[in-house]
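Trainee: Shown below is the structure under consideration.
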Amino acid sequence: MAPNFSFELPTHRVEHPAEFVAGAAVAELAAAAELAGFAACHVTDHPAPDAMWLDLGGHHALDPFVALSFAAAATSSLRLLTNVFIAAYRNPFLAAKSIQSLDLLSGGRFILGTAAGYLKPEFAALGVDFGERNDLFDEALEVMQAVWTGNDTAFAGRHFAARGVRHVPVPVARPRPPIWIGGNSTRSIRRAVTGFDGWAPFGTAGYGKASRTADISGLDDLVARIAVARELAEEVGRLDPLDICYSAGQLGDPAVPVEERRDLIGRLAEAGVTWLPVSIPGDDRAAVADGVAAFAAAFIA
């Protein structure tokens, strides 16, 4: 089965803010992606990026829920994806409210891609203990799912105490928005397989140590990690299919021959990948919109 494609909204392109980091740009490009047949659009999450990381190739990001709300308002069927949201950066009730709000206002189109995170300086800037990130992540997943039921949620967290929080109305997507767990580690895969809807590994391209997760430098590494996911699914008796969303590099680069990209997409789909994020280059939003249409004509239509 052919994978679904998600278009990366280029809100990280701060060198051209009028073209890419503006409400009109988000709305126009999201609408172009929907018209072309993309299944979703996505953004990432960096509320306090470290200058050293940025200078070494990192990127800026708008608040994911604000950015995706502009995309939601300009579209009617396009899914809205965080790829990925770092739940430990925020109190889980605040996170749950933002997610619930976007889900409601978009008519249930939101997909929560979320992970434990790996940028230690960003945790420090936000006052979050990096060493607690996995425990905080698990805690956040538990709290968010509980409060989305609409029932009063009492919870004694590591750094908060809630005696009975009530969030209504409940999300449109029931019993909750789809949740994809990001990360390449076996712990991340186990999280995804044992209780959630998808898994979002990413290509480390040789910086697995810096990203503090298992290295996935190519298709063979990805296939090996997918094998781990299948083994774990068999171990726990999972019968539901698991979405796999994998960032595969320059799928949207027109300098790479179409047949080469088509072959890679086919091999990824054969391995079990169901979603592929795509970044489209361009010096202005018109060029990116043209690239969106060209990609769709080659790989979606």
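Residue numbering restarts at 1 in every chain; chains get A, B, ... in the order shown in the structure tokens, and ligands count up from 1 in that same order.
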Per DSSP on the backbone, what are the alpha helix (DSSP H) residues of range 117-259 of chain A, as an MDAnalysis selection string?
Mentor: chainID A and resid 120:125 133:147 186:195 219:236 258:259
Trainee: Got time to write the residues from that selection, C-alpha atoms, as a PDB file, in the first residue's frame?
Mentor:
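Writing done, so here's selection39.pdb:
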```pdb
ATOM      1  CA  LYS A 120      19.604  19.004  26.858  1.00  0.00           C
ATOM      2  CA  PRO A 121      20.124  22.817  26.667  1.00  0.00           C
ATOM      3  CA  GLU A 122      16.473  23.310  25.704  1.00  0.00           C
ATOM      4  CA  PHE A 123      15.344  21.358  28.756  1.00  0.00           C
ATOM      5  CA  ALA A 124      17.631  23.514  30.917  1.00  0.00           C
ATOM      6  CA  ALA A 125      16.272  26.750  29.429  1.00  0.00           C
ATOM      7  CA  ARG A 133      12.427  13.414  30.609  1.00  0.00           C
ATOM      8  CA  ASN A 134      11.295   9.808  30.115  1.00  0.00           C
ATOM      9  CA  ASP A 135       9.390   9.701  33.389  1.00  0.00           C
ATOM     10  CA  LEU A 136       7.808  13.081  32.624  1.00  0.00           C
ATOM     11  CA  PHE A 137       6.881  11.874  29.141  1.00  0.00           C
ATOM     12  CA  ASP A 138       5.144   8.767  30.465  1.00  0.00           C
ATOM     13  CA  GLU A 139       3.396  10.888  33.088  1.00  0.00           C
ATOM     14  CA  ALA A 140       2.190  13.361  30.471  1.00  0.00           C
ATOM     15  CA  LEU A 141       0.785  10.610  28.264  1.00  0.00           C
ATOM     16  CA  GLU A 142      -1.144   9.200  31.227  1.00  0.00           C
ATOM     17  CA  VAL A 143      -2.506  12.573  32.357  1.00  0.00           C
ATOM     18  CA  MET A 144      -3.543  13.739  28.878  1.00  0.00           C
ATOM     19  CA  GLN A 145      -5.456  10.568  28.115  1.00  0.00           C
ATOM     20  CA  ALA A 146      -7.207  10.742  31.471  1.00  0.00           C
ATOM     21  CA  VAL A 147      -8.333  14.354  31.183  1.00  0.00           C
ATOM     22  CA  THR A 186      13.547   0.255  22.058  1.00  0.00           C
ATOM     23  CA  ARG A 187      11.848   2.109  24.913  1.00  0.00           C
ATOM     24  CA  SER A 188      10.160   4.420  22.396  1.00  0.00           C
ATOM     25  CA  ILE A 189       9.118   1.505  20.209  1.00  0.00           C
ATOM     26  CA  ARG A 190       7.707  -0.311  23.238  1.00  0.00           C
ATOM     27  CA  ARG A 191       5.682   2.774  24.196  1.00  0.00           C
ATOM     28  CA  ALA A 192       4.214   2.963  20.703  1.00  0.00           C
ATOM     29  CA  VAL A 193       3.424  -0.727  20.406  1.00  0.00           C
ATOM     30  CA  THR A 194       1.894  -1.221  23.842  1.00  0.00           C
ATOM     31  CA  GLY A 195      -0.589   1.610  23.929  1.00  0.00           C
ATOM     32  CA  LEU A 219      17.069   1.673   5.194  1.00  0.00           C
ATOM     33  CA  ASP A 220      18.776  -1.385   6.704  1.00  0.00           C
ATOM     34  CA  ASP A 221      18.823   0.260  10.138  1.00  0.00           C
ATOM     35  CA  LEU A 222      15.172   1.212   9.786  1.00  0.00           C
ATOM     36  CA  VAL A 223      14.178  -2.321   8.751  1.00  0.00           C
ATOM     37  CA  ALA A 224      15.983  -3.672  11.821  1.00  0.00           C
ATOM     38  CA  ARG A 225      14.101  -1.273  14.111  1.00  0.00           C
ATOM     39  CA  ILE A 226      10.777  -2.164  12.444  1.00  0.00           C
ATOM     40  CA  ALA A 227      11.605  -5.813  13.137  1.00  0.00           C
ATOM     41  CA  VAL A 228      11.949  -4.890  16.825  1.00  0.00           C
ATOM     42  CA  ALA A 229       8.515  -3.239  16.688  1.00  0.00           C
ATOM     43  CA  ARG A 230       6.979  -6.346  15.150  1.00  0.00           C
ATOM     44  CA  GLU A 231       8.605  -8.598  17.731  1.00  0.00           C
ATOM     45  CA  LEU A 232       7.299  -6.429  20.553  1.00  0.00           C
ATOM     46  CA  ALA A 233       3.825  -6.348  18.987  1.00  0.00           C
ATOM     47  CA  GLU A 234       3.806 -10.151  18.854  1.00  0.00           C
ATOM     48  CA  GLU A 235       5.086 -10.309  22.429  1.00  0.00           C
ATOM     49  CA  VAL A 236       2.213  -8.184  23.784  1.00  0.00           C
ATOM     50  CA  VAL A 258      12.016  11.039  -9.790  1.00  0.00           C
ATOM     51  CA  GLU A 259      12.719   7.343 -10.365  1.00  0.00           C
TER      52      GLU A 259
END
```
Trainee: If we count only C-alpha atoms and set the cut-off at 10 Å, which residues sit around Phe20 in chain A, ignoring sequence neighbours fewer than 3 positions away in its own chain? Please answer as number ranges by chain.
Mentor: A: 9-17, 23-26, 28-29, 283-285, 288
Trainee: Export C-alpha atoms of the chosen residues as a compact mmCIF listing (two decimals), in the first residue's frame?
Mentor:
```
# COMPACT_ATOMS: atom_id res chain seq x y z
CA LEU A 9 5.09 23.81 6.70
CA PRO A 10 8.30 25.86 6.23
CA THR A 11 7.80 28.05 9.29
CA HIS A 12 11.43 27.37 10.24
CA ARG A 13 12.51 29.48 7.23
CA VAL A 14 13.18 32.58 9.33
CA GLU A 15 15.58 33.98 6.74
CA HIS A 16 12.47 34.88 4.70
CA PRO A 17 9.87 35.68 7.37
CA GLY A 23 -0.26 33.66 8.76
CA ALA A 24 -0.98 34.13 5.07
CA ALA A 25 1.97 31.87 4.16
CA VAL A 26 0.83 29.06 6.46
CA GLU A 28 -1.72 29.44 1.51
CA LEU A 29 0.72 26.54 1.68
CA ASP A 283 13.04 30.64 -2.36
CA ASP A 284 9.51 31.95 -1.85
CA ARG A 285 6.08 30.54 -1.09
CA VAL A 288 7.18 25.99 -2.65
```
Trainee: Restricting the calculation to only C-alpha atoms, which member of A:Thr44, A:Ser69, A:Thr153, A:Ser98 is positioned closest to Ile86 in chain A?
Mentor: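 Selected residue with least distance to Ile86 in chain A: A:Thr44.
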Trainee: Extract, using only C-alpha atoms, all DNA, RNA and protein residues at most 9 Å from Gln250 in chain A, discarding same-chain residues fewer than 4 positions from it, and format them as a list in words.
Mentor: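 Everything that qualifies: Pro254, Val256, Arg261, Val278, Ser279 and Ile280 of chain A.
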Trainee: Skipping near chain neighbours, those fewer than 4 positions away, what residues fall within 6 Å of Val273 in chain A using only C-alpha atoms, listed as a PyMOL selection string?
Mentor: chain A and resi 244+268-269
Trainee: Save the residues we just selected, C-alpha atoms, as a compact mmCIF listing (two decimals), in the first residue's frame?
Mentor:
```txt
# COMPACT_ATOMS: atom_id res chain seq x y z
CA ILE A 244 5.03 4.21 11.03
CA LEU A 268 10.01 2.21 2.53
CA ALA A 269 6.40 1.18 1.97
```
Trainee: Residues of range 22-271 of chain A in strand (DSSP E or B) according to DSSP, as a PDB file with N, CA and C atoms, in the first residue's frame?
Mentor:
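Result went into selection06.pdb, see below:
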```
ATOM      1  N   ALA A  40      -1.580  15.276   5.148  1.00  0.00           N
ATOM      2  CA  ALA A  40      -1.387  16.071   6.363  1.00  0.00           C
ATOM      3  C   ALA A  40      -0.355  17.153   6.105  1.00  0.00           C
ATOM      4  N   CYS A  41      -0.297  18.096   7.025  1.00  0.00           N
ATOM      5  CA  CYS A  41       0.829  19.016   7.105  1.00  0.00           C
ATOM      6  C   CYS A  41       1.382  18.921   8.516  1.00  0.00           C
ATOM      7  N   HIS A  42       2.646  19.297   8.688  1.00  0.00           N
ATOM      8  CA  HIS A  42       3.238  19.132  10.008  1.00  0.00           C
ATOM      9  C   HIS A  42       4.222  20.243  10.331  1.00  0.00           C
ATOM     10  N   VAL A  43       4.451  20.402  11.633  1.00  0.00           N
ATOM     11  CA  VAL A  43       5.461  21.307  12.165  1.00  0.00           C
ATOM     12  C   VAL A  43       6.153  20.578  13.318  1.00  0.00           C
ATOM     13  N   ARG A  79      -5.030  16.623   7.520  1.00  0.00           N
ATOM     14  CA  ARG A  79      -4.692  16.305   8.896  1.00  0.00           C
ATOM     15  C   ARG A  79      -3.585  17.245   9.384  1.00  0.00           C
ATOM     16  N   LEU A  80      -3.501  17.406  10.692  1.00  0.00           N
ATOM     17  CA  LEU A  80      -2.578  18.349  11.325  1.00  0.00           C
ATOM     18  C   LEU A  80      -1.698  17.567  12.286  1.00  0.00           C
ATOM     19  N   LEU A  81      -0.403  17.561  12.029  1.00  0.00           N
ATOM     20  CA  LEU A  81       0.519  16.670  12.726  1.00  0.00           C
ATOM     21  C   LEU A  81       1.629  17.452  13.414  1.00  0.00           C
ATOM     22  N   THR A  82       1.932  17.088  14.650  1.00  0.00           N
ATOM     23  CA  THR A  82       3.164  17.561  15.287  1.00  0.00           C
ATOM     24  C   THR A  82       4.217  16.484  15.090  1.00  0.00           C
ATOM     25  N   ASN A  83       5.337  16.881  14.516  1.00  0.00           N
ATOM     26  CA  ASN A  83       6.396  15.918  14.206  1.00  0.00           C
ATOM     27  C   ASN A  83       7.758  16.485  14.618  1.00  0.00           C
ATOM     28  N   VAL A  84       8.040  16.501  15.957  1.00  0.00           N
ATOM     29  CA  VAL A  84       7.218  15.999  17.040  1.00  0.00           C
ATOM     30  C   VAL A  84       7.102  17.061  18.127  1.00  0.00           C
ATOM     31  N   PHE A  85       6.102  16.867  19.001  1.00  0.00           N
ATOM     32  CA  PHE A  85       5.849  17.711  20.160  1.00  0.00           C
ATOM     33  C   PHE A  85       6.533  17.088  21.374  1.00  0.00           C
ATOM     34  N   ILE A  86       7.261  17.912  22.145  1.00  0.00           N
ATOM     35  CA  ILE A  86       7.976  17.408  23.322  1.00  0.00           C
ATOM     36  C   ILE A  86       7.109  17.649  24.555  1.00  0.00           C
ATOM     37  N   PHE A 110      -6.485  16.420  14.177  1.00  0.00           N
ATOM     38  CA  PHE A 110      -5.148  16.490  14.755  1.00  0.00           C
ATOM     39  C   PHE A 110      -4.562  15.108  15.014  1.00  0.00           C
ATOM     40  N   ILE A 111      -3.255  14.955  14.740  1.00  0.00           N
ATOM     41  CA  ILE A 111      -2.479  13.764  15.092  1.00  0.00           C
ATOM     42  C   ILE A 111      -1.339  14.230  15.987  1.00  0.00           C
ATOM     43  N   LEU A 112      -1.235  13.654  17.165  1.00  0.00           N
ATOM     44  CA  LEU A 112      -0.178  14.026  18.098  1.00  0.00           C
ATOM     45  C   LEU A 112       1.038  13.132  17.898  1.00  0.00           C
ATOM     46  N   GLY A 113       2.044  13.670  17.224  1.00  0.00           N
ATOM     47  CA  GLY A 113       3.355  13.032  17.219  1.00  0.00           C
ATOM     48  C   GLY A 113       4.139  13.622  18.377  1.00  0.00           C
ATOM     49  N   THR A 114       4.625  12.784  19.276  1.00  0.00           N
ATOM     50  CA  THR A 114       5.238  13.294  20.497  1.00  0.00           C
ATOM     51  C   THR A 114       6.382  12.387  20.926  1.00  0.00           C
ATOM     52  N   ALA A 115       7.358  12.970  21.635  1.00  0.00           N
ATOM     53  CA  ALA A 115       8.543  12.210  22.024  1.00  0.00           C
ATOM     54  C   ALA A 115       9.121  12.752  23.320  1.00  0.00           C
ATOM     55  N   THR A 153     -10.131  14.592  36.754  1.00  0.00           N
ATOM     56  CA  THR A 153      -8.848  13.898  36.808  1.00  0.00           C
ATOM     57  C   THR A 153      -8.039  14.374  38.003  1.00  0.00           C
ATOM     58  N   ALA A 154      -7.854  13.482  38.960  1.00  0.00           N
ATOM     59  CA  ALA A 154      -6.970  13.737  40.100  1.00  0.00           C
ATOM     60  C   ALA A 154      -5.656  13.010  39.843  1.00  0.00           C
ATOM     61  N   PHE A 155      -4.562  13.723  40.046  1.00  0.00           N
ATOM     62  CA  PHE A 155      -3.274  13.112  39.726  1.00  0.00           C
ATOM     63  C   PHE A 155      -2.177  13.788  40.543  1.00  0.00           C
ATOM     64  N   ALA A 156      -1.369  12.971  41.221  1.00  0.00           N
ATOM     65  CA  ALA A 156      -0.207  13.479  41.950  1.00  0.00           C
ATOM     66  C   ALA A 156       1.014  13.262  41.079  1.00  0.00           C
ATOM     67  N   ALA A 161       0.176  18.715  41.644  1.00  0.00           N
ATOM     68  CA  ALA A 161      -0.883  17.919  42.269  1.00  0.00           C
ATOM     69  C   ALA A 161      -2.225  18.471  41.807  1.00  0.00           C
ATOM     70  N   ALA A 162      -3.022  17.634  41.163  1.00  0.00           N
ATOM     71  CA  ALA A 162      -4.340  18.032  40.668  1.00  0.00           C
ATOM     72  C   ALA A 162      -5.399  17.263  41.443  1.00  0.00           C
ATOM     73  N   ARG A 163      -6.329  17.973  42.058  1.00  0.00           N
ATOM     74  CA  ARG A 163      -7.330  17.276  42.873  1.00  0.00           C
ATOM     75  C   ARG A 163      -8.554  16.874  42.063  1.00  0.00           C
ATOM     76  N   GLY A 164      -8.727  17.459  40.864  1.00  0.00           N
ATOM     77  CA  GLY A 164      -9.884  17.088  40.051  1.00  0.00           C
ATOM     78  C   GLY A 164     -10.062  18.047  38.891  1.00  0.00           C
ATOM     79  N   VAL A 165      -9.228  17.910  37.858  1.00  0.00           N
ATOM     80  CA  VAL A 165      -9.290  18.801  36.692  1.00  0.00           C
ATOM     81  C   VAL A 165     -10.300  18.249  35.690  1.00  0.00           C
ATOM     82  N   ILE A 179      -2.128   9.090  18.618  1.00  0.00           N
ATOM     83  CA  ILE A 179      -0.844   9.417  19.224  1.00  0.00           C
ATOM     84  C   ILE A 179       0.242   8.554  18.590  1.00  0.00           C
ATOM     85  N   TRP A 180       1.246   9.218  18.027  1.00  0.00           N
ATOM     86  CA  TRP A 180       2.417   8.541  17.476  1.00  0.00           C
ATOM     87  C   TRP A 180       3.610   8.857  18.367  1.00  0.00           C
ATOM     88  N   ILE A 181       4.326   7.849  18.787  1.00  0.00           N
ATOM     89  CA  ILE A 181       5.474   8.017  19.667  1.00  0.00           C
ATOM     90  C   ILE A 181       6.745   8.142  18.835  1.00  0.00           C
ATOM     91  N   GLY A 182       7.468   9.253  19.039  1.00  0.00           N
ATOM     92  CA  GLY A 182       8.701   9.478  18.306  1.00  0.00           C
ATOM     93  C   GLY A 182       9.909   8.922  19.034  1.00  0.00           C
ATOM     94  N   GLY A 198       0.848   4.894  16.614  1.00  0.00           N
ATOM     95  CA  GLY A 198       1.904   4.928  15.626  1.00  0.00           C
ATOM     96  C   GLY A 198       3.261   5.142  16.257  1.00  0.00           C
ATOM     97  N   TRP A 199       4.261   4.983  15.418  1.00  0.00           N
ATOM     98  CA  TRP A 199       5.660   5.150  15.826  1.00  0.00           C
ATOM     99  C   TRP A 199       6.335   6.047  14.790  1.00  0.00           C
ATOM    100  N   ALA A 200       7.118   7.019  15.273  1.00  0.00           N
ATOM    101  CA  ALA A 200       7.748   7.990  14.383  1.00  0.00           C
ATOM    102  C   ALA A 200       9.264   7.995  14.570  1.00  0.00           C
ATOM    103  N   PHE A 202      13.230   8.493  13.224  1.00  0.00           N
ATOM    104  CA  PHE A 202      13.817   9.505  12.349  1.00  0.00           C
ATOM    105  C   PHE A 202      15.240   9.114  11.982  1.00  0.00           C
ATOM    106  N   ASP A 243       0.809   2.594  12.655  1.00  0.00           N
ATOM    107  CA  ASP A 243       1.340   3.546  11.687  1.00  0.00           C
ATOM    108  C   ASP A 243       2.822   3.776  11.964  1.00  0.00           C
ATOM    109  N   ILE A 244       3.602   3.889  10.902  1.00  0.00           N
ATOM    110  CA  ILE A 244       5.026   4.209  11.028  1.00  0.00           C
ATOM    111  C   ILE A 244       5.299   5.425  10.149  1.00  0.00           C
ATOM    112  N   CYS A 245       5.706   6.509  10.795  1.00  0.00           N
ATOM    113  CA  CYS A 245       5.978   7.775  10.114  1.00  0.00           C
ATOM    114  C   CYS A 245       7.480   8.013  10.153  1.00  0.00           C
ATOM    115  N   SER A 247      10.913  10.050   8.614  1.00  0.00           N
ATOM    116  CA  SER A 247      11.490  11.162   7.859  1.00  0.00           C
ATOM    117  C   SER A 247      12.669  10.638   7.045  1.00  0.00           C
TER     118      SER A 247
END
```
Trainee: Work out how far CA of Asp290 in chain A is from CA of Val21 in chain A, in Å to one decimal.
Mentor: 18.0 Å
Trainee: Which residues, written as a PyMOL selection string, have at least one atom at most 8 Å from range 32-37 of chain A, with only C-alpha atoms counted and residues fewer than 4 positions away on the same chain left out?
Mentor: chain A and resi 7+28+41+75+77-78+289+292-293+296-297+300-301
Trainee: For the selection just defined, write its residues with N, CA and C atoms to a file, as a CSV table (one decimal), in the first residue's frame.
Mentor:
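Saved to selection00.csv:
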```csv
chain,number,residue,atom,x,y,z
A,7,PHE,N,3.1,17.2,4.4
A,7,PHE,CA,3.9,18.4,4.0
A,7,PHE,C,4.4,19.2,5.1
A,28,GLU,N,-1.8,29.7,2.9
A,28,GLU,CA,-1.7,29.4,1.5
A,28,GLU,C,-1.1,28.1,1.2
A,41,CYS,N,-0.3,18.1,7.0
A,41,CYS,CA,0.8,19.0,7.1
A,41,CYS,C,1.4,18.9,8.5
A,75,THR,N,-8.1,25.0,5.7
A,75,THR,CA,-8.3,23.7,5.0
A,75,THR,C,-9.6,23.1,5.6
A,77,SER,N,-9.9,19.2,5.1
A,77,SER,CA,-9.7,17.7,5.3
A,77,SER,C,-8.3,17.4,5.7
A,78,LEU,N,-7.4,18.3,5.5
A,78,LEU,CA,-6.0,18.1,5.8
A,78,LEU,C,-5.7,17.7,7.2
A,289,ALA,N,4.9,26.3,-3.3
A,289,ALA,CA,3.5,25.8,-3.8
A,289,ALA,C,3.7,25.1,-5.1
A,292,VAL,N,5.1,21.7,-4.3
A,292,VAL,CA,4.0,20.8,-3.7
A,292,VAL,C,3.2,20.2,-4.9
A,293,ALA,N,2.8,21.0,-5.8
A,293,ALA,CA,2.0,20.5,-6.9
A,293,ALA,C,2.8,19.5,-7.8
A,296,ALA,N,3.2,16.1,-5.9
A,296,ALA,CA,1.9,15.4,-5.9
A,296,ALA,C,1.7,14.8,-7.3
A,297,ALA,N,2.0,15.5,-8.4
A,297,ALA,CA,1.9,14.9,-9.7
A,297,ALA,C,2.7,13.7,-9.9
A,300,ILE,N,1.8,11.3,-5.8
A,300,ILE,CA,0.5,11.1,-5.2
A,300,ILE,C,-0.5,10.8,-6.2
A,301,ALA,N,-0.6,11.5,-7.2
A,301,ALA,CA,-1.7,11.3,-8.2
A,301,ALA,C,-1.7,9.9,-8.8
```
Trainee: Quick one: pull the distance between CA of Thr149 in chain A and CA of Arg90 in chain A, Å, one decimal.
Mentor: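 Distance between the two atoms: 20.1 Å.
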Trainee: Counting only C-alpha atoms, which of A:Leu54, A:Ala96, A:Ala287, A:Ala298 gets nearest to Ile265 in chain A?
Mentor: A:Ala298
Trainee: For CA of Ala48 in chain A and CA of Ile216 in chain A, determine how far apart the two atoms are, in Å to one decimal place.
Mentor: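 These two atoms are separated by 25.9 Å.
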Trainee: Could you list, as number ranges by chain, every residue within 8 Å of Asn4 in chain A, counting only C-alpha atoms and ignoring same-chain residues fewer than 3 positions away?
Mentor: A: 38-39, 274-276
